[in-house]
Every structure is written in structure tokens, then in C-alpha cells.
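Chemist: First, the structure itself, so that you have it in front of you.
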2 protein chains.
Amino acid sequence: MSEPKKALVLLNMGGPDSVDAVEPFLYQLFSDRDLIQLPLGTLLQKPFAKMISHFRAKTVRENYRRIGGKSPLLHWSRLQAEKTCEKLGEGWDAFVAMRYWTPRADEVVQRIVAQGITEAVVVSLYPHYTGATTGSSIKDFQRAVSQHGPDLACRYIEEWHDQEAYLDALTECVQEGLSLVPEGKQDKLTLLFSAHALPQKFIDRGDPYQQHVEETVAGVMERVGDYPCQIGYQSRSGPVKWMSPDTLDLIAAAGKERRSLLVIPVSFVSDHIETLEEVDVEFRDHAKEHGVPWFGRVPALNDRESFIEALVALVKQG
Amino acid sequence: MSEPKKALVLLNMGGPDSVDAVEPFLYQLFSDRDLIQLPLGTLLQKPFAKMISHFRAKTVRENYRRIGGKSPLLHWSRLQAEKTCEKLGEGWDAFVAMRYWTPRADEVVQRIVAQGITEAVVVSLYPHYTGATTGSSIKDFQRAVSQHGPDLACRYIEEWHDQEAYLDALTECVQEGLSLVPEGKQDKLTLLFSAHALPQKFIDRGDPYQQHVEETVAGVMERVGDYPCQIGYQSRSGPVKWMSPDTLDLIAAAGKERRSLLVIPVSFVSDHIETLEEVDVEFRDHAKEHGVPWFGRVPALNDRESFIEALVALVKQG
């Protein structure tokens, strides 16, 4: 009889799988108090979330329509899980659990338990720790375990922003991006790392997110060599104070100084609405408008071999 | 020495005078508890309003951009006030006070008082009474009077949905609309009256709005003669139960039955975003998509002579 299998579970945020799923997806997103704290407590989070998701849906549906009508996040997360299991060898089964859309943690834990699996390694796909993403996803998964699989032994891997193999993989992306810069534009080129913004108060009360982002960038820059570089924060949404500088402002400044830009998205490990729509469409338009001589983006990690190696190393080293 | 002047004040909702004014305008709108009751009381109205106006601004800015970057409401309301004063003869000064954008009631009352005016006739430009529009505007004006002009003697005119002269003026618009219908499309033509929707609960607790709309439509149809007609409610926005039927559904149904449509907006007395953008762009597209053979809209009352006569009659009869 063969060994009982182990589960590899990758956690991510998820995204709508159709334009009709945009509004209920946003409702899940805005309902999560770890991600967004709407005014005046838990009692109000849901009515607030209902209203905001309703009002925001129209714009967001348009954004998803522009990238083909759905989020590519599940596709890439699944490939990452499957390829990592392949490399780990026999005895591993691949799972993906999404925080705000299907497959949700409850369903995943039930499936794991139904297959007679008793051990799981659970990896957050957010490279930089914040309670708003990794914290919320891990908590959600733990709740599902306690409810549907209290005997499932889980090991959680939540922090890896400075893992060597991850930095190597991201550096590979940057190098591929650099190879795309046309001859004449190499001179006045800035590497613009762009991370998803958080409300500034998250950082002020001790969240390590910004520090993690800066350490990742430092690790990549050590490997890439001598280029001017900047860090910007993108995707501000609500009317609160956000981390700065805003990526959009850095793009406008580059335009003024006639510097070319190579954007490196750092908060996600695969393509998603923030790369395909926000960077590739909105930022590119913004760059054009502000006279940036050349604007490009490095490819996402997606199912790149070197990133799969990083995931394998994470699982093996624990 | 000439008689002291009287003020004619027309009340309307107002609209952004530039695309940059869209977000603060929406904030004013969503802050008004007479118009929209956000969950759980007065304490929360403002943070809620701040967030919703922020999230909704992007879409609404696009809508205003499509009609030239600003609302035409102030332009028409001013012309209506001035032309009415001209017809009233010497001794009248024209004012417009807006509920959600400038000029606000406070400023208007101060100007009236500074001119030494001691009497005012205040007319709500909403033909159908609801606490959400007329009620809110009158309350706002009365508050400004008690604060800035407690000695100003005001007479308020708030209900005139069945005034003969108003019905005559609206009938004139319908007849002009009918003259635009091409020969072949006269046969299967429906007159589609479209009013701004309110949350159904406003009606359920006794608001006369729907009854007023229906009485206005009945009065116009008596004058227009024998045409099939329907009433729809447009501009639903939040995630609550709205008055029905939705104008959009009536348009889709007309498409199925290959009926042509002549739309008569009934909630406003001048052009505004809901006629120029919602009816003329969104509804027209919707009609085309659903196979409506011909789709048109009757002109708004704006500064039409017969409507000015109606306003004069209102002021004179009180």
C-alpha cells in the first residue's frame, strides 16, 4: 500500500470568474474586516460592503471586460500548485484555496479530508506579509480546518519575501524585461517597482508589509546590478490616506524628466487585474500622456520554472 | 420711491459644474438623509457618503464628460427664474437655490436679505412631491432662512403635479415628440413616461410621489389622446428595492414586441444627466440592442413659453 498523500495548499485572494461575478466578489472583498475596516465596527461592515460593491461594480466590470472578462488568478495559482507537486514527487496532491472567490477554504478542506489526507502544507502566495492579505487568508483557512477537518495537521508558510530562490526568480523576470528595452532607451531608464498600496495606518501600527517590499526590492537590485530604481504603491481605492509615493505620481515625474520606465509589479506572483489592466492599460496611458519616452512591464512569475523551484524549496525547508 | 422688490426663488437639486465637482457633489447628495438613508443612523451617514461618493465618482464623471463636462441644470433653472420674473413684471428679482451644489440656500438667503428684500415666493421645481426632493429642498431653504433671514416672509409652493398649465406645457412637449415619429413607426408606438425611481419603502410608508406621477401622466394623456402608454421608473442606484417597473425592462419588452417608443421624462422640468445621458445614450443603446424599431425622446420643458406661463400662474395663485 502506498504512503498516504500530503496536501499542498496555495492561498490566494481569488478573482471573479465572469463579469457577473464581479459584484458578489467585491462584496466578499469589502466584507473582510482584515482587509478593509469600514467605519464603526463589525455590525456595519456588511451593509457598507453591499452598498460599496454595488456602486463600484460598474467600473470594475469594465476593467475585467478589458482583460477578457475574468481574473486569471485561479488559472495561474492552480498551475503553480500542480507544477510544485510534480516537482515534489509522488505523494503530493495540489489544492488552491481562495479568500474572496471559489474555491473557498471550506470546500477545499472538505475535499482534502474526504480524500483521507491527514497532513497539509499551506503556503500563502502573498510575498509580503500584511494582516490584510496573508493574515486574513491564513485565519480563514484555519477557521475552515477547525470546522471541517480538526484532525488535519497543517504547517503554514507565510513569510518568504527574502527567500533566495524567490529573489532569483523575480530577478529573472527583471532581466527579461530589461532585454525588451530598445537600444536608445537604455540610458535614462528607471526600474519602477510597484506594490499594491495599503492604508498608511496599517503600516503606522506596525505591519511589516512596507519593510518586506523594500527588502525584496533590495534583494532583487543586488542581483540586477546598477540601475536607478524607485518603489511606488498602486491601486489606491477608498478615501483614506494611502502608502506613498503613488506609482502614478512617479510615472508623471518620469515623464517630466524624460526617463523611460520598466515597471516591476511586486505584490502578486501571477498576472491579475492589477498587472493586465492597471499597469498595462491605465499606467501605459498615463505614461504616454505624461511624455514617458518608453514604458514597459516585466513578465509576472506565473508558472516560470525558477518560481516553481522557489515554492518547492519553501515546502521542503518549511 | 419704488416698491420694495420680492424674490422669486426656484429650488432644484443642482449638479456638478465641472468633472472635478462630481465627487464633492455626490458627497453632498449621499450626505442627505432625506434623500438616501444609509444604514444605521445619522452618525454613519457622512463616512458612508464619503466612501460611496468616492467609489461612484469614476463612473459618474464619465457620464458627465459625455454630456459636455457639466450639468445643465443651473443654466435652465436660472433661465426659468429670470423669464418668470420678466413675465411677473416689475418688482421681482430672480434667484435659484440648489440643494447639492452652488448656489446653496445659505448664500441665496444672504443675498436676498442684503438686497433689502423682505418677501419671497419659493417654488420647488420638482413636479411630484416626495420628502426626498421637494421635502428636503424646502427644509434646507427654511433652515437657511431661520439662520440668515429670520424676518424674510416666505410663501412656499411645493405641489403642482396636476396644475392645468403645467399639464398643458408637458402635453406640448409630447406633441412635438410625436411629430418626430417617422410615418411607418406611428402604428406600433408606445408613449413611455419615465420618472426617477425612489426606493419602494418611501412609497410604502405613504409618500405621494407615485400617485402624483400617475396623475400627471393621466392629465397629459387626456390631452394627448388615444395612444398606448406606460410608466417606468429609471435611475435606480443603490442595492435596495426600487419602484417598478424599471424603464429598462419596459424598453426590452417593447423590443420583443417590435413596438416603437417615445420617451417622456416626467420627474424633471429641464434637461439634466438623466435625460441627456441616461435616456439619450444608455436607453437608446439598450433600445437598439433589444430591437426597438424606433426610439425617441420628447424635448424637456426648459425655458419653453408655456412652462414659464405655468410658473407665473403658480406664483400668482399661490
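Naming works like this for the C-alpha cells: A, B, ... for the chains as they're shown, residue 1 at the start of each chain, ligands 1 onward in shown order.
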I want to know what sits within 12 Å of Lys316 of chain A, based on only C-alpha atoms, with residues of the same chain fewer than 5 positions away left out; could you give that as a list in words?
Modeler: Leu8, Thr84, Cys85, Lys87, Leu88, Gly89, Val121, Val123, Arg155, Ile157, Glu309, Ala310 and Leu311 of chain A
Chemist: With chain B as the partner and 7 Å as the cut-off, tabulate the residues of chain A that qualify, each row holding the nearest pair of atoms and their distance in Å to one decimal, using only C-alpha atoms, sorted by chain and rising number, as a Markdown table.
Modeler:
| residue | atom | partner | partner_atom | distance |
| --- | --- | --- | --- | --- |
| A:Pro39 | CA | B:Pro47 | CA | 6.6 |
| A:Pro47 | CA | B:Pro39 | CA | 6.6 |
| A:Met51 | CA | B:Pro239 | CA | 6.1 |
| A:Ile52 | CA | B:Ile52 | CA | 6.0 |
| A:His54 | CA | B:Pro239 | CA | 6.4 |
| A:Phe55 | CA | B:Arg56 | CA | 5.6 |
| A:Arg56 | CA | B:Phe55 | CA | 5.6 |
| A:Thr59 | CA | B:Thr59 | CA | 6.3 |
| A:Gly238 | CA | B:Met51 | CA | 6.3 |
| A:Pro239 | CA | B:Met51 | CA | 6.1 |
Chemist: Would you export the selected residues with all heavy atoms as an mmCIF file, in the first residue's frame, please?
Modeler:
data_model
loop_
_atom_site.group_PDB
_atom_site.id
_atom_site.type_symbol
_atom_site.label_atom_id
_atom_site.label_comp_id
_atom_site.auth_asym_id
_atom_site.auth_seq_id
_atom_site.Cartn_x
_atom_site.Cartn_y
_atom_site.Cartn_z
ATOM 1 N N PRO A 39 -16.166 52.112 8.400
ATOM 2 C CA PRO A 39 -16.413 52.855 9.635
ATOM 3 C C PRO A 39 -17.310 52.128 10.630
ATOM 4 O O PRO A 39 -18.257 51.466 10.249
ATOM 5 C CB PRO A 39 -17.117 54.122 9.144
ATOM 6 C CG PRO A 39 -16.721 54.268 7.732
ATOM 7 C CD PRO A 39 -16.518 52.885 7.203
ATOM 8 N N PRO A 47 -23.645 45.860 5.560
ATOM 9 C CA PRO A 47 -24.429 46.811 4.749
ATOM 10 C C PRO A 47 -23.542 47.766 3.948
ATOM 11 O O PRO A 47 -23.813 48.052 2.775
ATOM 12 C CB PRO A 47 -25.252 47.588 5.789
ATOM 13 C CG PRO A 47 -24.736 47.220 7.118
ATOM 14 C CD PRO A 47 -24.026 45.918 6.983
ATOM 15 N N MET A 51 -23.346 48.052 -0.234
ATOM 16 C CA MET A 51 -23.537 49.279 -0.980
ATOM 17 C C MET A 51 -22.314 49.614 -1.836
ATOM 18 O O MET A 51 -22.421 49.946 -3.010
ATOM 19 C CB MET A 51 -23.830 50.399 0.015
ATOM 20 C CG MET A 51 -24.469 51.567 -0.675
ATOM 21 S SD MET A 51 -25.511 52.568 0.399
ATOM 22 C CE MET A 51 -26.464 51.363 1.238
ATOM 23 N N ILE A 52 -21.132 49.501 -1.237
ATOM 24 C CA ILE A 52 -19.925 49.853 -1.989
ATOM 25 C C ILE A 52 -19.703 48.907 -3.159
ATOM 26 O O ILE A 52 -19.360 49.327 -4.256
ATOM 27 C CB ILE A 52 -18.689 49.854 -1.067
ATOM 28 C CG1 ILE A 52 -18.854 50.944 -0.020
ATOM 29 C CG2 ILE A 52 -17.428 50.081 -1.862
ATOM 30 C CD1 ILE A 52 -17.775 50.923 1.015
ATOM 31 N N HIS A 54 -21.866 47.371 -4.796
ATOM 32 C CA HIS A 54 -22.846 47.720 -5.824
ATOM 33 C C HIS A 54 -22.373 48.917 -6.648
ATOM 34 O O HIS A 54 -22.376 48.896 -7.870
ATOM 35 C CB HIS A 54 -24.181 48.030 -5.161
ATOM 36 C CG HIS A 54 -25.250 48.378 -6.142
ATOM 37 N ND1 HIS A 54 -26.004 47.424 -6.774
ATOM 38 C CD2 HIS A 54 -25.668 49.567 -6.622
ATOM 39 C CE1 HIS A 54 -26.850 48.004 -7.595
ATOM 40 N NE2 HIS A 54 -26.675 49.321 -7.531
ATOM 41 N N PHE A 55 -21.933 49.971 -5.939
ATOM 42 C CA PHE A 55 -21.551 51.188 -6.656
ATOM 43 C C PHE A 55 -20.251 51.030 -7.430
ATOM 44 O O PHE A 55 -20.015 51.692 -8.424
ATOM 45 C CB PHE A 55 -21.432 52.367 -5.680
ATOM 46 C CG PHE A 55 -22.775 52.902 -5.272
ATOM 47 C CD1 PHE A 55 -23.130 53.008 -3.940
ATOM 48 C CD2 PHE A 55 -23.689 53.293 -6.232
ATOM 49 C CE1 PHE A 55 -24.375 53.505 -3.574
ATOM 50 C CE2 PHE A 55 -24.938 53.790 -5.875
ATOM 51 C CZ PHE A 55 -25.277 53.893 -4.533
ATOM 52 N N ARG A 56 -19.381 50.159 -6.924
ATOM 53 C CA ARG A 56 -18.087 50.018 -7.573
ATOM 54 C C ARG A 56 -18.141 49.044 -8.752
ATOM 55 O O ARG A 56 -17.266 49.069 -9.617
ATOM 56 C CB ARG A 56 -17.081 49.529 -6.529
ATOM 57 C CG ARG A 56 -15.667 49.622 -6.986
ATOM 58 C CD ARG A 56 -14.726 50.048 -5.884
ATOM 59 N NE ARG A 56 -13.360 49.905 -6.321
ATOM 60 C CZ ARG A 56 -12.804 50.626 -7.272
ATOM 61 N NH1 ARG A 56 -13.496 51.553 -7.880
ATOM 62 N NH2 ARG A 56 -11.547 50.409 -7.612
ATOM 63 N N THR A 59 -17.608 50.092 -12.764
ATOM 64 C CA THR A 59 -16.247 50.379 -13.195
ATOM 65 C C THR A 59 -15.408 49.101 -13.249
ATOM 66 O O THR A 59 -14.679 48.854 -14.214
ATOM 67 C CB THR A 59 -15.582 51.371 -12.207
ATOM 68 O OG1 THR A 59 -16.397 52.537 -12.128
ATOM 69 C CG2 THR A 59 -14.192 51.745 -12.654
ATOM 70 N N GLY A 238 -10.058 53.431 -1.527
ATOM 71 C CA GLY A 238 -11.000 54.203 -0.705
ATOM 72 C C GLY A 238 -10.461 55.576 -0.335
ATOM 73 O O GLY A 238 -9.297 55.891 -0.585
ATOM 74 N N PRO A 239 -11.327 56.415 0.268
ATOM 75 C CA PRO A 239 -10.920 57.769 0.632
ATOM 76 C C PRO A 239 -10.199 57.820 1.978
ATOM 77 O O PRO A 239 -10.663 58.458 2.902
ATOM 78 C CB PRO A 239 -12.259 58.507 0.686
ATOM 79 C CG PRO A 239 -13.262 57.452 1.039
ATOM 80 C CD PRO A 239 -12.748 56.163 0.483
#
Chemist: Which of these residues is nearest to Ile203 of chain A, using only C-alpha atoms: A:Leu11, A:Lys256, A:Ser244, A:Gln317?
Modeler: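 Among A:Leu11, A:Lys256, A:Ser244, A:Gln317, it is A:Ser244 that comes nearest to Ile203 of chain A.
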Chemist: Fewer than 6 positions away in the same chain doesn't count, so skip those; otherwise give me all residues within 7 Å of Ile117 of chain B, counting only C-alpha atoms, as a list in words.
Modeler: Pro4, Lys5, Lys6 and Ala7 of chain B
Chemist: Dump all heavy atoms for the selected residues as a PDB file, in the first residue's frame?
Modeler:
ATOM      1  N   PRO B   4     -40.632  98.015  -2.634  1.00  0.00           N
ATOM      2  CA  PRO B   4     -39.562  97.036  -2.411  1.00  0.00           C
ATOM      3  C   PRO B   4     -39.819  95.774  -3.230  1.00  0.00           C
ATOM      4  O   PRO B   4     -40.968  95.400  -3.464  1.00  0.00           O
ATOM      5  CB  PRO B   4     -39.661  96.748  -0.912  1.00  0.00           C
ATOM      6  CG  PRO B   4     -41.044  97.150  -0.510  1.00  0.00           C
ATOM      7  CD  PRO B   4     -41.470  98.237  -1.453  1.00  0.00           C
ATOM      8  N   LYS B   5     -38.728  95.197  -3.728  1.00  0.00           N
ATOM      9  CA  LYS B   5     -38.877  94.032  -4.596  1.00  0.00           C
ATOM     10  C   LYS B   5     -39.252  92.766  -3.814  1.00  0.00           C
ATOM     11  O   LYS B   5     -39.041  92.691  -2.603  1.00  0.00           O
ATOM     12  CB  LYS B   5     -37.556  93.807  -5.331  1.00  0.00           C
ATOM     13  CG  LYS B   5     -37.348  94.798  -6.470  1.00  0.00           C
ATOM     14  CD  LYS B   5     -36.372  94.249  -7.502  1.00  0.00           C
ATOM     15  CE  LYS B   5     -36.396  95.106  -8.752  1.00  0.00           C
ATOM     16  NZ  LYS B   5     -35.553  94.560  -9.816  1.00  0.00           N
ATOM     17  N   LYS B   6     -39.779  91.793  -4.559  1.00  0.00           N
ATOM     18  CA  LYS B   6     -39.995  90.459  -3.999  1.00  0.00           C
ATOM     19  C   LYS B   6     -39.016  89.490  -4.666  1.00  0.00           C
ATOM     20  O   LYS B   6     -38.655  89.673  -5.830  1.00  0.00           O
ATOM     21  CB  LYS B   6     -41.414  89.971  -4.308  1.00  0.00           C
ATOM     22  CG  LYS B   6     -42.492  90.587  -3.436  1.00  0.00           C
ATOM     23  CD  LYS B   6     -43.817  89.896  -3.741  1.00  0.00           C
ATOM     24  CE  LYS B   6     -44.984  90.703  -3.200  1.00  0.00           C
ATOM     25  NZ  LYS B   6     -46.275  90.089  -3.584  1.00  0.00           N
ATOM     26  N   ALA B   7     -38.664  88.460  -3.921  1.00  0.00           N
ATOM     27  CA  ALA B   7     -37.769  87.445  -4.502  1.00  0.00           C
ATOM     28  C   ALA B   7     -38.577  86.266  -5.007  1.00  0.00           C
ATOM     29  O   ALA B   7     -39.471  85.776  -4.308  1.00  0.00           O
ATOM     30  CB  ALA B   7     -36.769  86.972  -3.458  1.00  0.00           C
TER      31      ALA B   7
END
Chemist: Name the residues of segment 96-240 of chain A that come out as strand (DSSP E) in a backbone DSSP run; write them as an MDAnalysis selection string.
Modeler: chainID A and resid 96:98 119:124 153:157 189:196 229:234
Chemist: Can you pull out the residues contacting Asp17 of chain B? Cut-off 10 Å, using only C-alpha atoms, and skip same-chain residues under 2 positions away; I want them as a PyMOL selection string.
Modeler: chain B and resi 14-15+19-22+25+64+69-74+101-102
Chemist: Can you tell me which residues surround Gln163 of chain A at a distance of at most 12 Å, considering only C-alpha atoms, apart from same-chain residues fewer than 6 positions away, and format the answer as a list in words?
Modeler: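 The residues that qualify are Pro127, His128, Ile157, Ala169, Leu170, His212, Glu215, Thr216, Gly219, Val220, Phe307, Glu309, Ala310, Leu311, Val312, Ala313, Leu314, Gln317 and Gly318 of chain A.
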Chemist: Print the selection's residues with N, CA, C and O atoms to a file, as an mmCIF file, in the first residue's frame.
Modeler:
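And here is the file that came out, again-v7.cif:
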data_model
loop_
_atom_site.group_PDB
_atom_site.id
_atom_site.type_symbol
_atom_site.label_atom_id
_atom_site.label_comp_id
_atom_site.auth_asym_id
_atom_site.auth_seq_id
_atom_site.Cartn_x
_atom_site.Cartn_y
_atom_site.Cartn_z
ATOM 1 N N PRO A 127 3.816 37.542 -1.257
ATOM 2 C CA PRO A 127 5.223 37.536 -0.840
ATOM 3 C C PRO A 127 5.499 38.428 0.371
ATOM 4 O O PRO A 127 6.445 38.190 1.105
ATOM 5 N N HIS A 128 4.689 39.475 0.558
ATOM 6 C CA HIS A 128 4.973 40.421 1.644
ATOM 7 C C HIS A 128 3.864 40.373 2.657
ATOM 8 O O HIS A 128 2.694 40.551 2.315
ATOM 9 N N ILE A 157 3.137 28.324 5.861
ATOM 10 C CA ILE A 157 4.306 29.078 5.392
ATOM 11 C C ILE A 157 3.816 30.448 4.942
ATOM 12 O O ILE A 157 3.124 30.574 3.936
ATOM 13 N N ALA A 169 14.127 34.238 -8.860
ATOM 14 C CA ALA A 169 13.083 34.139 -9.883
ATOM 15 C C ALA A 169 12.627 35.525 -10.320
ATOM 16 O O ALA A 169 12.457 35.798 -11.514
ATOM 17 N N LEU A 170 12.439 36.406 -9.346
ATOM 18 C CA LEU A 170 11.966 37.749 -9.687
ATOM 19 C C LEU A 170 13.037 38.502 -10.487
ATOM 20 O O LEU A 170 12.734 39.257 -11.417
ATOM 21 N N HIS A 212 8.959 44.579 4.164
ATOM 22 C CA HIS A 212 9.131 43.395 3.317
ATOM 23 C C HIS A 212 9.305 43.779 1.847
ATOM 24 O O HIS A 212 10.147 43.233 1.149
ATOM 25 N N GLU A 215 12.734 45.149 1.347
ATOM 26 C CA GLU A 215 13.767 44.113 1.394
ATOM 27 C C GLU A 215 13.772 43.272 0.118
ATOM 28 O O GLU A 215 14.823 42.884 -0.382
ATOM 29 N N THR A 216 12.590 42.985 -0.404
ATOM 30 C CA THR A 216 12.525 42.258 -1.682
ATOM 31 C C THR A 216 13.210 43.067 -2.782
ATOM 32 O O THR A 216 14.028 42.545 -3.554
ATOM 33 N N GLY A 219 16.907 43.001 -2.418
ATOM 34 C CA GLY A 219 17.442 41.700 -2.824
ATOM 35 C C GLY A 219 17.522 41.567 -4.342
ATOM 36 O O GLY A 219 18.497 41.036 -4.883
ATOM 37 N N VAL A 220 16.494 42.061 -5.029
ATOM 38 C CA VAL A 220 16.496 41.981 -6.493
ATOM 39 C C VAL A 220 17.557 42.919 -7.065
ATOM 40 O O VAL A 220 18.310 42.543 -7.974
ATOM 41 N N PHE A 307 10.388 30.028 -10.336
ATOM 42 C CA PHE A 307 9.488 30.327 -9.226
ATOM 43 C C PHE A 307 8.917 29.028 -8.646
ATOM 44 O O PHE A 307 8.729 28.908 -7.431
ATOM 45 N N GLU A 309 10.552 26.325 -8.506
ATOM 46 C CA GLU A 309 11.660 25.861 -7.647
ATOM 47 C C GLU A 309 11.615 26.545 -6.284
ATOM 48 O O GLU A 309 11.883 25.942 -5.249
ATOM 49 N N ALA A 310 11.282 27.833 -6.297
ATOM 50 C CA ALA A 310 11.190 28.580 -5.032
ATOM 51 C C ALA A 310 10.087 27.999 -4.149
ATOM 52 O O ALA A 310 10.262 27.834 -2.934
ATOM 53 N N LEU A 311 8.942 27.673 -4.768
ATOM 54 C CA LEU A 311 7.836 27.096 -3.995
ATOM 55 C C LEU A 311 8.225 25.725 -3.440
ATOM 56 O O LEU A 311 7.935 25.390 -2.282
ATOM 57 N N VAL A 312 8.911 24.939 -4.270
ATOM 58 C CA VAL A 312 9.377 23.624 -3.808
ATOM 59 C C VAL A 312 10.306 23.790 -2.607
ATOM 60 O O VAL A 312 10.167 23.098 -1.590
ATOM 61 N N ALA A 313 11.216 24.752 -2.712
ATOM 62 C CA ALA A 313 12.171 24.974 -1.608
ATOM 63 C C ALA A 313 11.430 25.390 -0.337
ATOM 64 O O ALA A 313 11.759 24.940 0.774
ATOM 65 N N LEU A 314 10.402 26.232 -0.506
ATOM 66 C CA LEU A 314 9.610 26.653 0.653
ATOM 67 C C LEU A 314 8.971 25.460 1.356
ATOM 68 O O LEU A 314 9.012 25.338 2.588
ATOM 69 N N GLN A 317 11.817 23.219 2.947
ATOM 70 C CA GLN A 317 12.513 23.767 4.118
ATOM 71 C C GLN A 317 11.544 24.086 5.245
ATOM 72 O O GLN A 317 11.922 24.137 6.407
ATOM 73 N N GLY A 318 10.314 24.306 4.884
ATOM 74 C CA GLY A 318 9.319 24.674 5.917
ATOM 75 C C GLY A 318 9.610 26.033 6.446
ATOM 76 O O GLY A 318 9.389 26.327 7.594
#
Chemist: Just the residues within 9 Å of segment 263-277 of chain B, please, counting only C-alpha atoms, with nothing from its chain fewer than 5 positions along; format it as number ranges by chain.
Modeler: B: 15, 63-64, 66-67, 70-73, 76-77, 125-128, 170, 173-174, 177, 190-196, 213, 216-217, 234-235, 282-283, 295-303, 307
Chemist: Deliver the residues from the most recent selection as a file, using N, CA and C atoms, as a CSV table (one decimal), in the first residue's frame.
Modeler:
chain,number,residue,atom,x,y,z
B,15,GLY,N,-26.3,70.3,-9.9
B,15,GLY,CA,-25.4,69.3,-10.4
B,15,GLY,C,-24.0,69.8,-10.6
B,63,ASN,N,-20.0,59.8,-17.2
B,63,ASN,CA,-21.3,60.2,-17.7
B,63,ASN,C,-21.4,61.7,-18.0
B,64,TYR,N,-20.8,62.5,-17.1
B,64,TYR,CA,-20.9,64.0,-17.3
B,64,TYR,C,-19.9,64.4,-18.4
B,66,ARG,N,-19.5,62.8,-21.0
B,66,ARG,CA,-20.3,62.5,-22.3
B,66,ARG,C,-21.3,63.6,-22.6
B,67,ILE,N,-21.7,64.4,-21.6
B,67,ILE,CA,-22.7,65.5,-22.0
B,67,ILE,C,-22.0,66.9,-21.9
B,70,LYS,N,-20.4,69.0,-17.6
B,70,LYS,CA,-21.1,69.6,-16.5
B,70,LYS,C,-22.6,69.5,-16.6
B,71,SER,N,-23.3,69.7,-15.5
B,71,SER,CA,-24.8,69.6,-15.5
B,71,SER,C,-25.4,70.9,-16.1
B,72,PRO,N,-26.4,70.8,-16.9
B,72,PRO,CA,-27.1,72.0,-17.5
B,72,PRO,C,-28.2,72.5,-16.6
B,73,LEU,N,-28.3,71.9,-15.4
B,73,LEU,CA,-29.5,72.2,-14.5
B,73,LEU,C,-29.5,73.7,-14.0
B,76,TRP,N,-30.6,76.1,-17.0
B,76,TRP,CA,-32.0,76.1,-17.2
B,76,TRP,C,-32.8,76.7,-16.1
B,77,SER,N,-32.4,76.3,-14.8
B,77,SER,CA,-33.2,76.8,-13.7
B,77,SER,C,-33.1,78.4,-13.6
B,125,LEU,N,-38.9,73.0,-7.9
B,125,LEU,CA,-39.0,72.7,-9.3
B,125,LEU,C,-39.2,71.1,-9.5
B,126,TYR,N,-39.5,70.4,-8.4
B,126,TYR,CA,-39.9,69.0,-8.6
B,126,TYR,C,-41.4,68.9,-8.7
B,127,PRO,N,-41.9,68.4,-9.9
B,127,PRO,CA,-43.3,68.4,-10.1
B,127,PRO,C,-44.1,67.4,-9.1
B,128,HIS,N,-43.4,66.4,-8.7
B,128,HIS,CA,-44.1,65.3,-7.9
B,128,HIS,C,-43.5,65.3,-6.5
B,170,LEU,N,-46.5,70.3,-20.7
B,170,LEU,CA,-45.9,68.9,-20.9
B,170,LEU,C,-46.5,68.3,-22.1
B,173,CYS,N,-44.9,69.4,-25.2
B,173,CYS,CA,-43.6,68.6,-25.4
B,173,CYS,C,-43.9,67.3,-26.1
B,174,VAL,N,-45.0,66.6,-25.6
B,174,VAL,CA,-45.3,65.3,-26.1
B,174,VAL,C,-45.7,65.4,-27.6
B,177,GLY,N,-42.8,65.8,-29.7
B,177,GLY,CA,-42.2,64.5,-29.8
B,177,GLY,C,-42.9,63.6,-30.8
B,190,THR,N,-45.5,53.3,-28.6
B,190,THR,CA,-46.0,53.4,-27.2
B,190,THR,C,-45.4,54.7,-26.6
B,191,LEU,N,-46.1,55.4,-25.8
B,191,LEU,CA,-45.6,56.6,-25.1
B,191,LEU,C,-45.1,56.0,-23.8
B,192,LEU,N,-43.8,56.2,-23.6
B,192,LEU,CA,-43.2,55.6,-22.4
B,192,LEU,C,-42.8,56.8,-21.4
B,193,PHE,N,-43.6,57.1,-20.4
B,193,PHE,CA,-43.3,58.1,-19.4
B,193,PHE,C,-42.3,57.5,-18.5
B,194,SER,N,-41.2,58.2,-18.2
B,194,SER,CA,-40.2,57.7,-17.3
B,194,SER,C,-39.9,58.7,-16.2
B,195,ALA,N,-40.1,58.2,-15.0
B,195,ALA,CA,-39.9,59.0,-13.8
B,195,ALA,C,-38.7,58.5,-13.0
B,196,HIS,N,-38.0,59.4,-12.3
B,196,HIS,CA,-36.9,58.9,-11.4
B,196,HIS,C,-37.4,57.9,-10.4
B,213,VAL,N,-47.1,61.1,-9.9
B,213,VAL,CA,-46.6,60.8,-11.2
B,213,VAL,C,-47.8,60.3,-12.1
B,216,THR,N,-50.1,63.1,-13.1
B,216,THR,CA,-49.6,63.9,-14.1
B,216,THR,C,-49.7,63.2,-15.5
B,217,VAL,N,-49.4,61.9,-15.5
B,217,VAL,CA,-49.5,61.1,-16.8
B,217,VAL,C,-50.9,61.1,-17.2
B,234,GLN,N,-36.8,55.1,-13.7
B,234,GLN,CA,-35.4,55.0,-14.1
B,234,GLN,C,-34.4,55.4,-13.0
B,235,SER,N,-33.1,55.2,-13.3
B,235,SER,CA,-32.1,55.7,-12.4
B,235,SER,C,-31.9,55.0,-11.1
B,282,GLU,N,-27.8,55.9,-22.9
B,282,GLU,CA,-27.9,54.5,-22.3
B,282,GLU,C,-29.2,53.8,-22.8
B,283,PHE,N,-30.3,54.5,-22.7
B,283,PHE,CA,-31.6,53.9,-23.1
B,283,PHE,C,-31.7,53.7,-24.6
B,295,PHE,N,-36.8,54.8,-31.6
B,295,PHE,CA,-36.7,55.3,-30.2
B,295,PHE,C,-36.4,56.8,-30.2
B,296,GLY,N,-37.3,57.5,-29.5
B,296,GLY,CA,-37.1,59.0,-29.5
B,296,GLY,C,-37.5,59.5,-28.1
B,297,ARG,N,-37.1,60.7,-27.9
B,297,ARG,CA,-37.4,61.4,-26.6
B,297,ARG,C,-38.1,62.7,-26.9
B,298,VAL,N,-39.1,63.1,-26.1
B,298,VAL,CA,-39.7,64.4,-26.2
B,298,VAL,C,-38.7,65.5,-25.6
B,299,PRO,N,-38.8,66.7,-26.1
B,299,PRO,CA,-37.9,67.7,-25.5
B,299,PRO,C,-38.3,68.0,-24.1
B,300,ALA,N,-37.3,68.5,-23.3
B,300,ALA,CA,-37.6,68.9,-21.9
B,300,ALA,C,-38.3,70.2,-21.9
B,301,LEU,N,-39.0,70.6,-20.8
B,301,LEU,CA,-39.7,71.8,-20.7
B,301,LEU,C,-38.7,73.0,-20.8
B,302,ASN,N,-37.6,72.9,-20.1
B,302,ASN,CA,-36.6,74.0,-20.2
B,302,ASN,C,-37.2,75.4,-20.1
B,303,ASP,N,-36.9,76.3,-21.0
B,303,ASP,CA,-37.5,77.7,-20.9
B,303,ASP,C,-38.6,77.9,-21.9
B,307,PHE,N,-44.3,76.7,-20.3
B,307,PHE,CA,-43.9,76.3,-18.9
B,307,PHE,C,-43.7,77.5,-18.0
